[in-house]
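**Student:** Please see the structure below; I have some questions.
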Amino acid sequence: MILDPVLPASATRASGPLVALYAGSFDPITHGHEDLIKRTLTFADHLIVAVANNMNKQPLFSVDERIAFIREFTNDDPRIEVRSFKGLLVEFARAAGARVNVRGLRAVSDFEYEFQIALMNRHLYPDLETVFMTPSLDTTYISSSMVREVAKFGGDVTGLVHPMVADALVRRYREQGFGRPAEYGATDAPTERAP
């Protein structure tokens with residue numbers, strides 16, 4: 001069982017306000033991300049939500065759109081800063097003065113990859129502590145990729161993302177020629193195989 005984070009002395013408030021970093025592509029931000037943002041603020045004084053600008057990926061939404069979605073959720077909370085970054089996370093964290101790197105673990109399968117990244121980050125920037133957090137039970141199954149897939153084929157994502165994001169997903173996929181099954185032409189409708 002993973003309990004609430006117990007931070008090492010190097011990351012405590014004794015040396016000033018605790019700045020935490022929560023980085024990801026957030027393409028788009030989901031209720032799972034929102035859950036971790038809220039819970040991080042229970043132990044951090046300031047949270048930087050860092051939107052990765054990864055040139056190797058083709059995101060559905062631009063960096064500016066993703067930042068706007070996050071800011072809509074955070075509602076101008078002065079404790080939360082939303083920024084984009086390129087390059088190594090540790091260099092961004094060092095420049096921002098972050099001492100804690102928050103990572104979400106939805107399943108055991110996430111741990112091996114995240115553990116390797118955490119060890120490399122510690123090698124590159126020993127003052128940055130990684131804190132693994134599990135999502136709330138009602139958001140464990142939510143991922144950005146799954147939300148995109150459901151929305152792409154007309155599924156209802158209103159319980160998975162902020163309403164602004166849900167609307168944006170519908171618009172973006174309609175622009176790309178996707179939508180609800182009722183909107184497909186007769187020749188495009190999925191066919192079922194006979195049993």
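Following the order of the structure tokens, chains are lettered A, B, ..., residues in each are numbered from 1, and ligands are numbered from 1.
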Do a neighbour search on Arg174 of chain A at 10 Å with only C-alpha atoms, toss out local chain neighbours closer than 2 positions, and write the hits as a VMD selection string.
**Tutor:** chain A and resid 151 to 154 168 to 172 176 to 180 183
**Student:** Check chain A with DSSP on the backbone and list each residue it calls alpha helix (DSSP H), as an NGL selection string.
**Tutor:** :A and (31-40 or 63-74 or 89-96 or 108-124 or 144-152 or 163-175)
**Student:** Mind running segment 25-83 of chain A against segment 88-102 of chain A at 12 Å and telling me each contacting residue's nearest atom pair with the distance in Å (one decimal), counting only C-alpha atoms, chain and number ascending, as a Markdown table?
**Tutor:**
```
| residue | atom | partner | partner_atom | distance |
| --- | --- | --- | --- | --- |
| A:His33 | CA | A:Val102 | CA | 11.0 |
| A:Leu36 | CA | A:Val102 | CA | 8.5 |
| A:Ile37 | CA | A:Val102 | CA | 9.2 |
| A:Lys38 | CA | A:Val102 | CA | 12.0 |
| A:Arg39 | CA | A:Val102 | CA | 10.5 |
| A:Thr40 | CA | A:Val102 | CA | 7.8 |
| A:Leu41 | CA | A:Val102 | CA | 11.1 |
| A:Phe43 | CA | A:Val100 | CA | 10.5 |
| A:Ala44 | CA | A:Val100 | CA | 8.7 |
| A:Asp45 | CA | A:Ala98 | CA | 10.8 |
| A:His46 | CA | A:Ala98 | CA | 9.0 |
| A:Leu47 | CA | A:Ala98 | CA | 8.6 |
| A:Ile48 | CA | A:Ala98 | CA | 8.1 |
| A:Val49 | CA | A:Val102 | CA | 9.8 |
| A:Ala50 | CA | A:Phe92 | CA | 8.9 |
| A:Val51 | CA | A:Leu89 | CA | 10.5 |
| A:Ala52 | CA | A:Leu89 | CA | 8.8 |
| A:Asn53 | CA | A:Leu88 | CA | 10.9 |
| A:Asn54 | CA | A:Leu88 | CA | 10.5 |
| A:Glu81 | CA | A:Ala96 | CA | 10.7 |
| A:Val82 | CA | A:Ala96 | CA | 11.8 |
| A:Arg83 | CA | A:Phe92 | CA | 10.2 |
```
**Student:** In segment 38-188 of chain A, what's strand (DSSP E or B) per DSSP? Answer as a list in words?
**Tutor:**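 The strand (DSSP E or B) subset of segment 38-188 of chain A is His46, Leu47, Ile48, Val49, Ala50, Val51, Ala52, Ile80, Glu81, Val82, Arg83, Ser84, Phe85, Val100, Asn101, Val102, Arg103, Gly104, Glu129, Thr130, Val131, Phe132 and Met133 of chain A.
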**Student:** Restricting the calculation to only C-alpha atoms, which member of A:Glu112, A:Asp138, A:Glu149, A:Asp27 is positioned closest to Lys57 of chain A?
**Tutor:**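 Looking at the shortest contact to Lys57 of chain A, the residue is A:Asp27.
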**Student:** Would you mind reading off the distance between atom CA of Asp77 of chain A and atom CA of Ile117 of chain A, one decimal, in Å?
**Tutor:**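 Straight-line distance from atom CA of Asp77 of chain A to atom CA of Ile117 of chain A works out to 29.4 Å.
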